[in-house]
Amino acid sequence: MIDSNLPNLILALIYLDLAIAIIVPAIHVLKPELRGYERELASIAVVAFILAAVGSLFYTFTYGNLIYHNGMLVHDRLSSVLLLAAAIAVGAAFLQSYSRVDEWPTHPGYYGLLPLVLYGVFYLLGSLNPLLILASWLVLSVATYVVTALPGDRDSVAAATRYIYVGTLATLFIAVWIAAIYAGLRPPLALEALALVAIMASIGFKLGVFPFHWWTPNVYGRADGRAIAIVAGVAKLAFIGLLTRLVYTFSGNLTPFEADALTLLLASSAVATMVAGNLAALNTKDLRVMLAYSSIAHTGYILVGLAALSFYQSFGASPSIVLAGIGLQALAYAIAKAPLFSLAAETGGKVRGILAGDRVSSVSVAILLASLLGVPPLVGFWGKLYLFLPATAYSAVLVLIALVNSGVSSVYYIRFLRDAMEESGDAPTLSSETRYSLAIAAFVSLLLGLSAPLIVGAFNP
């Protein structure tokens with residue numbers, strides 16, 4: 001009976017998140033005597049999302065796709081892995097912010113919007129219908145705009161303003177595309193690639209793909225890291241999943257010339273995004289800004305996989321190994337970035353001395369950075385392996401550039417670790433929540449790295 005009841009249970013858990021997103025602000029306005037319970041309700045929402053993600057992963061890897069709403073919402077193995085990544089990231093971020101967010105004057109808003117973000121992630125990751133994509137996009141976008149501004153300080157409000165501006169442009173692109181579809185203005189096959197370019201521009205704004213990356217350091221690098229942990233570590237995964245699904249769908253329906261053009265576009269974007277992110281990260285010692293530029297670089301690595309996906313699809317070959325690589329790289333990214341952005345919030349971007357004398361946190365941060373670098377046997381190693389190895393069939397030069405960029409990132413990661421472990425008299429003391437979150441994230445990264453071959457094997461048809 002589990003194969004028939006589990007899908008309904010998963011959807012019920014996601015609707016519980018939506019219900020909590022509605023209940024929390026209602027309590028604050030209508031039942032003042034119940035104020036103070038918002039955090040407990042948000043905790044329930046986070047646990048519900050984690051259970052839904054684990055259930056989705058079990059179901060899709062055991063029985064097949066999860067199908068809802070007459071096929072408008074479908075979760076496959078890749079989207080389930082991305083859901084798991086979002087669940088781990090939100091768990092780490094919420095643990096670190098559990099007692100610190102109450103310092104914000106608008107903290108009830110955080111507890112109400114966090115479940116809404118999770119609801120939007122679930123729906124955007126699985127949406128197949130254009131209107132459902134737009135609705136999920138808007139829910140997730142608006143929620144993350146407000147979350148960015150919630151701390152209320154000048155930098156967070158300025159960052160949120162920039163984020164709203166960029167998000168509006170991105171939403172405009174995708175709304176026009178969807179409106180054209182429903183107006184019957186479907187482009188002929190010769191213009192399919194051009195249509196994908198327009199869609200990529202809208203998602204490129206969200207992901208920070210070159211040349212749409214300019215806003216990322218001004219938002220990720222200025223806003224409170226506890227909010228950015230949700231924006232960059234959780235919500236971003238939904239847009240990665242959407243772009244992967246669109247590339248997968250489009251690339252199988254293009255002429256050879258159009259398919260080559262699409263693959264070249266993805267490969268060129270990958271190179272430009274990796275180089276822009278890594279070179280800029282070399283020139284800053286602010287932890288928040290370094291993490292922002294590093295996030296851009298990791299988007300470039302994902303684009304390498306998307307170029308390989310497009311190439312395989314154009315030949316009708318199975319892209320399962322590439323999809324596994326995208327999922328594992330997203331896991332490595334989310335598991336590391338959510339707690340590291342929250343760490344940056346606690347230290348105000350300061351680096352020197354923040355890990356001095358704290359062996360648990362030092363080892364944990366070292367493991368997370370090693371995973372981002374792709375050091376075996378951590379999950380990031382398998383992500384880069386199954387992104388870069390299939391891409392050699394398309395271009396060894398592209399893979400060489402990706403490997404060089406990965407090596408460049410080791411420079412600023414090692415520099416950060418060195419400075420963070422130096423003794424400093426004015427270094428802040430990390431909270432116990434941060435230490436636990438970093439340690440748990442490091443352990444999960446190692447655990448998933450050891451089990452990654454099983455995940456890759458499950459992707460094979």
# chains A, B, ... in the order shown; residues from 1 in each chain; ligands from 1
>>> residues_around(residues="Phe459 in chain A", least_positions_apart="2", cutoff="9 Å", atoms="only C-alpha atoms", output="ChimeraX atom specification")
/A:61,77-78,320-321,323-324,454-457,461
>>> residues_around(residues="range 147-156 of chain A", least_positions_apart="3", cutoff="7 Å", atoms="only C-alpha atoms", output="NGL selection string")
:A and (104 or 106 or 110 or 113 or 143-144 or 159-160 or 222-224 or 227-228)
>>> closest_residue(among="A:Ser136, A:Met200, A:Gly353, A:Thr347", to="Arg245 in chain A", atoms="only C-alpha atoms")
A:Met200
>>> closest_atom_pairs(of="range 237-283 of chain A", to="range 393-408 of chain A", cutoff="7 Å", atoms="only C-alpha atoms", output="CSV")
residue,atom,partner,partner_atom,distance
A:Met274,CA,A:Asn405,CA,6.6
A:Val275,CA,A:Asn405,CA,6.7
A:Asn278,CA,A:Val408,CA,6.7
>>> write_last_selection(atoms="N, CA and C atoms", output="compact mmCIF listing (two decimals), in the first residue's frame")
# COMPACT_ATOMS: atom_id res chain seq x y z
N MET A 274 31.95 30.88 -14.70
CA MET A 274 33.00 30.35 -13.82
C MET A 274 34.13 31.35 -13.64
N VAL A 275 34.61 31.88 -14.76
CA VAL A 275 35.74 32.80 -14.72
C VAL A 275 35.39 34.07 -13.95
N ASN A 278 35.07 33.21 -10.05
CA ASN A 278 36.31 32.86 -9.36
C ASN A 278 37.31 34.00 -9.31
>>> atom_distance(atom1="CA of Ser294 in chain A", atom2="CA of Ala458 in chain A")
29.7 Å
>>> residues_around(residues="Ile50 in chain A", least_positions_apart="6", cutoff="9 Å", atoms="only C-alpha atoms", output="PyMOL selection string")
chain A and resi 83-84+86-88+90-91
>>> write_last_selection(atoms="N, CA and C atoms", output="compact mmCIF listing (two decimals), in the first residue's frame")
# COMPACT_ATOMS: atom_id res chain seq x y z
N LEU A 83 15.10 18.37 -4.07
CA LEU A 83 14.27 18.57 -2.88
C LEU A 83 15.03 18.17 -1.61
N LEU A 84 15.77 17.07 -1.70
CA LEU A 84 16.57 16.65 -0.56
C LEU A 84 17.63 17.69 -0.22
N ALA A 86 17.45 20.91 -0.83
CA ALA A 86 16.76 22.05 -0.22
C ALA A 86 16.38 21.74 1.23
N ALA A 87 15.98 20.49 1.51
CA ALA A 87 15.59 20.11 2.86
C ALA A 87 16.78 20.18 3.81
N ILE A 88 17.93 19.67 3.38
CA ILE A 88 19.12 19.72 4.23
C ILE A 88 19.55 21.17 4.45
N VAL A 90 17.69 23.95 4.32
CA VAL A 90 16.77 24.70 5.18
C VAL A 90 16.88 24.21 6.62
N GLY A 91 17.18 22.94 6.81
CA GLY A 91 17.38 22.44 8.16
C GLY A 91 18.58 23.09 8.82
>>> residues_around(residues="range 264-270 of chain A", least_positions_apart="4", cutoff="8 Å", atoms="only C-alpha atoms", output="ChimeraX atom specification")
/A:209-210,260,274,299-304,306-307,398
>>> residues_around(residues="Lys285 in chain A", least_positions_apart="5", cutoff="10 Å", atoms="only C-alpha atoms", output="PyMOL selection string")
chain A and resi 290+349-352+412+415-416+419
>>> select_by_dssp(residues="range 297-396 of chain A", states="alpha helix (DSSP H)", output="MDAnalysis selection string")
chainID A and resid 297:314 320:347 359:373 379:391 396
>>> write_last_selection(atoms="C-alpha atoms", output="short mmCIF file (atom, residue, chain, number, x, y, z; two decimals), in the first residue's frame")
data_model
loop_
_atom_site.label_atom_id
_atom_site.label_comp_id
_atom_site.auth_asym_id
_atom_site.auth_seq_id
_atom_site.Cartn_x
_atom_site.Cartn_y
_atom_site.Cartn_z
CA ALA A 297 31.22 30.07 -10.01
CA HIS A 298 29.18 27.05 -8.91
CA THR A 299 26.39 28.09 -11.25
CA GLY A 300 29.03 27.89 -13.98
CA TYR A 301 29.82 24.30 -13.02
CA ILE A 302 26.13 23.42 -13.29
CA LEU A 303 26.08 24.99 -16.76
CA VAL A 304 28.89 22.65 -17.81
CA GLY A 305 26.54 19.81 -16.97
CA LEU A 306 23.69 21.46 -18.86
CA ALA A 307 25.92 21.79 -21.93
CA ALA A 308 26.65 18.07 -21.69
CA LEU A 309 22.92 17.39 -21.23
CA SER A 310 22.08 19.32 -24.39
CA PHE A 311 24.84 17.52 -26.29
CA TYR A 312 23.65 14.06 -25.23
CA GLN A 313 20.03 14.89 -25.96
CA SER A 314 20.86 16.04 -29.49
CA SER A 320 21.15 9.97 -16.82
CA ILE A 321 24.76 10.31 -15.66
CA VAL A 322 24.63 14.07 -16.32
CA LEU A 323 21.37 14.40 -14.37
CA ALA A 324 23.01 12.53 -11.50
CA GLY A 325 25.93 14.95 -11.63
CA ILE A 326 23.64 17.99 -11.52
CA GLY A 327 21.80 16.54 -8.54
CA LEU A 328 24.97 15.70 -6.61
CA GLN A 329 26.56 19.08 -7.34
CA ALA A 330 23.39 20.81 -6.14
CA LEU A 331 23.58 18.72 -2.95
CA ALA A 332 27.20 19.76 -2.36
CA TYR A 333 26.36 23.41 -3.03
CA ALA A 334 23.28 23.61 -0.81
CA ILE A 335 24.73 21.63 2.11
CA ALA A 336 27.77 23.93 2.25
CA LYS A 337 26.34 27.33 1.35
CA ALA A 338 23.39 27.47 3.76
CA PRO A 339 25.47 27.10 6.95
CA LEU A 340 28.37 29.16 5.56
CA PHE A 341 26.13 32.13 4.71
CA SER A 342 24.64 31.91 8.21
CA LEU A 343 28.19 31.82 9.60
CA ALA A 344 28.96 34.99 7.66
CA ALA A 345 25.93 36.65 9.26
CA GLU A 346 27.14 35.78 12.73
CA THR A 347 30.61 37.20 12.07
CA ARG A 359 38.36 22.55 16.41
CA VAL A 360 34.87 21.25 15.69
CA SER A 361 33.91 24.28 13.60
CA SER A 362 37.33 24.43 11.92
CA VAL A 363 37.14 20.80 10.80
CA SER A 364 33.50 21.19 9.77
CA VAL A 365 34.16 24.28 7.63
CA ALA A 366 37.22 22.59 6.10
CA ILE A 367 35.08 19.59 5.10
CA LEU A 368 32.39 21.81 3.57
CA LEU A 369 34.96 23.80 1.57
CA ALA A 370 36.66 20.58 0.48
CA SER A 371 33.31 19.34 -0.78
CA LEU A 372 32.82 22.53 -2.79
CA LEU A 373 36.31 22.01 -4.22
CA VAL A 379 29.63 14.61 -2.22
CA GLY A 380 31.12 17.54 -4.15
CA PHE A 381 33.71 15.22 -5.67
CA TRP A 382 31.03 13.04 -7.21
CA GLY A 383 29.08 16.08 -8.38
CA LYS A 384 32.01 17.50 -10.32
CA LEU A 385 33.07 14.07 -11.56
CA TYR A 386 29.69 13.37 -13.14
CA LEU A 387 29.37 16.90 -14.45
CA PHE A 388 32.81 17.13 -16.04
CA LEU A 389 33.39 13.54 -17.19
CA PRO A 390 30.34 13.38 -19.51
CA ALA A 391 31.19 16.87 -20.83
CA ALA A 396 37.79 18.54 -23.54
#
